[in-house]
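In what follows, a single structure is set out as structure tokens and then discussed.
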Amino acid sequence: MIKLLLLGIPLAGLLLFFYFKLSPSAQLKVGELAPTFSLPDQQGQERRLDEFKGHWLVLYFYPKDDTPGCTKEACRFRDDYTALQQNGAQVVGISVDSSAAHANFAHKHRLPFPLLADTQGHVAKSYGALINLGYLKLAKRHTFLIDPASRVTKIYLSVDPNTHAKTVFKDMQALKEKAHE
């Protein structure tokens, strides 16, 4: 019995790994209109996709407030926020955490951008960024670069929290230059 249990634990871990890494993403494709959303931010203010129209939008989904990878990613976006704004971009983070958890996370790390509470996971699901294990829901670490016309211009399904903000910034600049050619 113990041997079976010892064999089952790594097998379950392996299955979860493949579920998280290889589960199919949304049907969302580059060039499509971004799915709309209306979610409360860390102050409880309702935020909608429409309010970002006319600007580039870095819409990043992340698993959980105050975890090591999520903190690194958020702080890198914080550190590059001024440069992103000066280049016409807004940054918005989304996870399934509550507005109160987002408020604590944003305050603790001085995050200057909205964090949206998708507690039911509906928006994450519409972007293909939801891990749903029944009682446990988490957002996948996915990012969508959305142009001023609300079209998805780049999708990031594999994200390094340490370098992601800079990668998004460079990609946005390249896309803007290409559009002016």
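By convention in this document, the chains of the structure tokens carry letters A, B, ... by their order, each chain's residues are numbered from 1, and ligands are numbered from 1 in the order they are shown.
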
Do a neighbour search on A:Leu175 at 12 Å with only C-alpha atoms, toss out local chain neighbours closer than 2 positions, and write the hits as number ranges by chain.
A: 56, 87, 145-148, 152-154, 168-173, 177-181

Save the residues we just selected, N, CA and C atoms, as a PDB file, in the first residue's frame?
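Listing of part-v8.pdb after writing:
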ATOM      1  N   TRP A  56      -2.405  51.537 -25.948  1.00  0.00           N
ATOM      2  CA  TRP A  56      -1.928  50.173 -25.883  1.00  0.00           C
ATOM      3  C   TRP A  56      -2.221  49.667 -24.488  1.00  0.00           C
ATOM      4  N   ASN A  87       5.162  55.635 -23.688  1.00  0.00           N
ATOM      5  CA  ASN A  87       4.993  55.076 -25.019  1.00  0.00           C
ATOM      6  C   ASN A  87       3.541  54.713 -25.313  1.00  0.00           C
ATOM      7  N   LEU A 145      -0.976  41.649 -25.300  1.00  0.00           N
ATOM      8  CA  LEU A 145      -0.692  43.022 -25.709  1.00  0.00           C
ATOM      9  C   LEU A 145      -1.811  43.425 -26.654  1.00  0.00           C
ATOM     10  N   ILE A 146      -2.536  44.462 -26.263  1.00  0.00           N
ATOM     11  CA  ILE A 146      -3.740  44.886 -26.984  1.00  0.00           C
ATOM     12  C   ILE A 146      -3.492  46.283 -27.541  1.00  0.00           C
ATOM     13  N   ASP A 147      -3.809  46.466 -28.816  1.00  0.00           N
ATOM     14  CA  ASP A 147      -3.539  47.746 -29.471  1.00  0.00           C
ATOM     15  C   ASP A 147      -4.639  48.768 -29.171  1.00  0.00           C
ATOM     16  N   PRO A 148      -4.478  50.019 -29.609  1.00  0.00           N
ATOM     17  CA  PRO A 148      -5.467  51.055 -29.309  1.00  0.00           C
ATOM     18  C   PRO A 148      -6.869  50.784 -29.869  1.00  0.00           C
ATOM     19  N   VAL A 152      -5.965  42.163 -30.199  1.00  0.00           N
ATOM     20  CA  VAL A 152      -4.826  41.453 -29.622  1.00  0.00           C
ATOM     21  C   VAL A 152      -3.703  41.458 -30.652  1.00  0.00           C
ATOM     22  N   THR A 153      -2.540  41.987 -30.267  1.00  0.00           N
ATOM     23  CA  THR A 153      -1.410  42.052 -31.192  1.00  0.00           C
ATOM     24  C   THR A 153      -0.304  41.061 -30.843  1.00  0.00           C
ATOM     25  N   LYS A 154      -0.289  40.597 -29.608  1.00  0.00           N
ATOM     26  CA  LYS A 154       0.734  39.627 -29.199  1.00  0.00           C
ATOM     27  C   LYS A 154       0.196  38.866 -27.995  1.00  0.00           C
ATOM     28  N   VAL A 168       7.867  42.787 -23.275  1.00  0.00           N
ATOM     29  CA  VAL A 168       6.612  43.386 -23.738  1.00  0.00           C
ATOM     30  C   VAL A 168       6.872  44.801 -24.261  1.00  0.00           C
ATOM     31  N   PHE A 169       7.673  45.564 -23.537  1.00  0.00           N
ATOM     32  CA  PHE A 169       7.992  46.935 -23.947  1.00  0.00           C
ATOM     33  C   PHE A 169       8.654  46.938 -25.326  1.00  0.00           C
ATOM     34  N   LYS A 170       9.655  46.083 -25.518  1.00  0.00           N
ATOM     35  CA  LYS A 170      10.355  46.012 -26.809  1.00  0.00           C
ATOM     36  C   LYS A 170       9.416  45.571 -27.925  1.00  0.00           C
ATOM     37  N   ASP A 171       8.582  44.588 -27.642  1.00  0.00           N
ATOM     38  CA  ASP A 171       7.635  44.110 -28.661  1.00  0.00           C
ATOM     39  C   ASP A 171       6.630  45.201 -29.037  1.00  0.00           C
ATOM     40  N   MET A 172       6.172  45.955 -28.040  1.00  0.00           N
ATOM     41  CA  MET A 172       5.226  47.030 -28.326  1.00  0.00           C
ATOM     42  C   MET A 172       5.885  48.090 -29.201  1.00  0.00           C
ATOM     43  N   GLN A 173       7.111  48.445 -28.893  1.00  0.00           N
ATOM     44  CA  GLN A 173       7.823  49.430 -29.712  1.00  0.00           C
ATOM     45  C   GLN A 173       7.974  48.935 -31.150  1.00  0.00           C
ATOM     46  N   GLU A 177       6.404  50.663 -34.505  1.00  0.00           N
ATOM     47  CA  GLU A 177       7.254  51.060 -35.634  1.00  0.00           C
ATOM     48  C   GLU A 177       6.762  50.420 -36.924  1.00  0.00           C
ATOM     49  N   LYS A 178       6.389  49.152 -36.842  1.00  0.00           N
ATOM     50  CA  LYS A 178       5.899  48.429 -38.020  1.00  0.00           C
ATOM     51  C   LYS A 178       4.603  49.076 -38.546  1.00  0.00           C
ATOM     52  N   ALA A 179       3.751  49.527 -37.633  1.00  0.00           N
ATOM     53  CA  ALA A 179       2.487  50.154 -38.027  1.00  0.00           C
ATOM     54  C   ALA A 179       2.713  51.477 -38.733  1.00  0.00           C
ATOM     55  N   HIS A 180       3.834  52.155 -38.443  1.00  0.00           N
ATOM     56  CA  HIS A 180       4.132  53.449 -39.068  1.00  0.00           C
ATOM     57  C   HIS A 180       4.870  53.316 -40.390  1.00  0.00           C
ATOM     58  N   GLU A 181       5.249  52.110 -40.762  1.00  0.00           N
ATOM     59  CA  GLU A 181       5.964  51.920 -42.027  1.00  0.00           C
ATOM     60  C   GLU A 181       5.029  52.042 -43.211  1.00  0.00           C
TER      61      GLU A 181
END

Between stretch 46-70 of chain A and stretch 123-137 of chain A, at 9 Å or less, what are the per-residue closest atom pairs and their distances in Å? Count only C-alpha atoms, order by chain and rising residue number, and return it as CSV.
residue,atom,partner,partner_atom,distance
A:Phe61,CA,A:Ala129,CA,6.9
A:Tyr62,CA,A:Ala129,CA,8.7
A:Pro63,CA,A:Lys137,CA,8.8

Between atom CA of A:Asp97 and atom CA of A:Asp160, what is the spacing in Å?
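The value is 21.1 Å.
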
Name all residues at most 7 Å from A:Gln120 (count only C-alpha atoms; drop same-chain ones fewer than 2 positions away) and give them as a ChimeraX atom specification.
/A:96,118,122

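For the residues A:Leu115, A:Val92, A:Ala83, A:Val30, ranking by smallest atom-to-atom distance to A:Leu49 using only C-alpha atoms places A:Val92 first.
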
Which residue, A:His109, A:Lys176, A:His55, A:His102, has the smallest gap to A:Ala89 when you use only C-alpha atoms?
A:His55

Considering only helix (DSSP H, G or I) as DSSP defines it on the backbone, what residues of stretch 2-135 of chain A qualify? List them as a PyMOL selection string.
chain A and resi 2-22+49-52+68-79+81-86+99-109+122-126
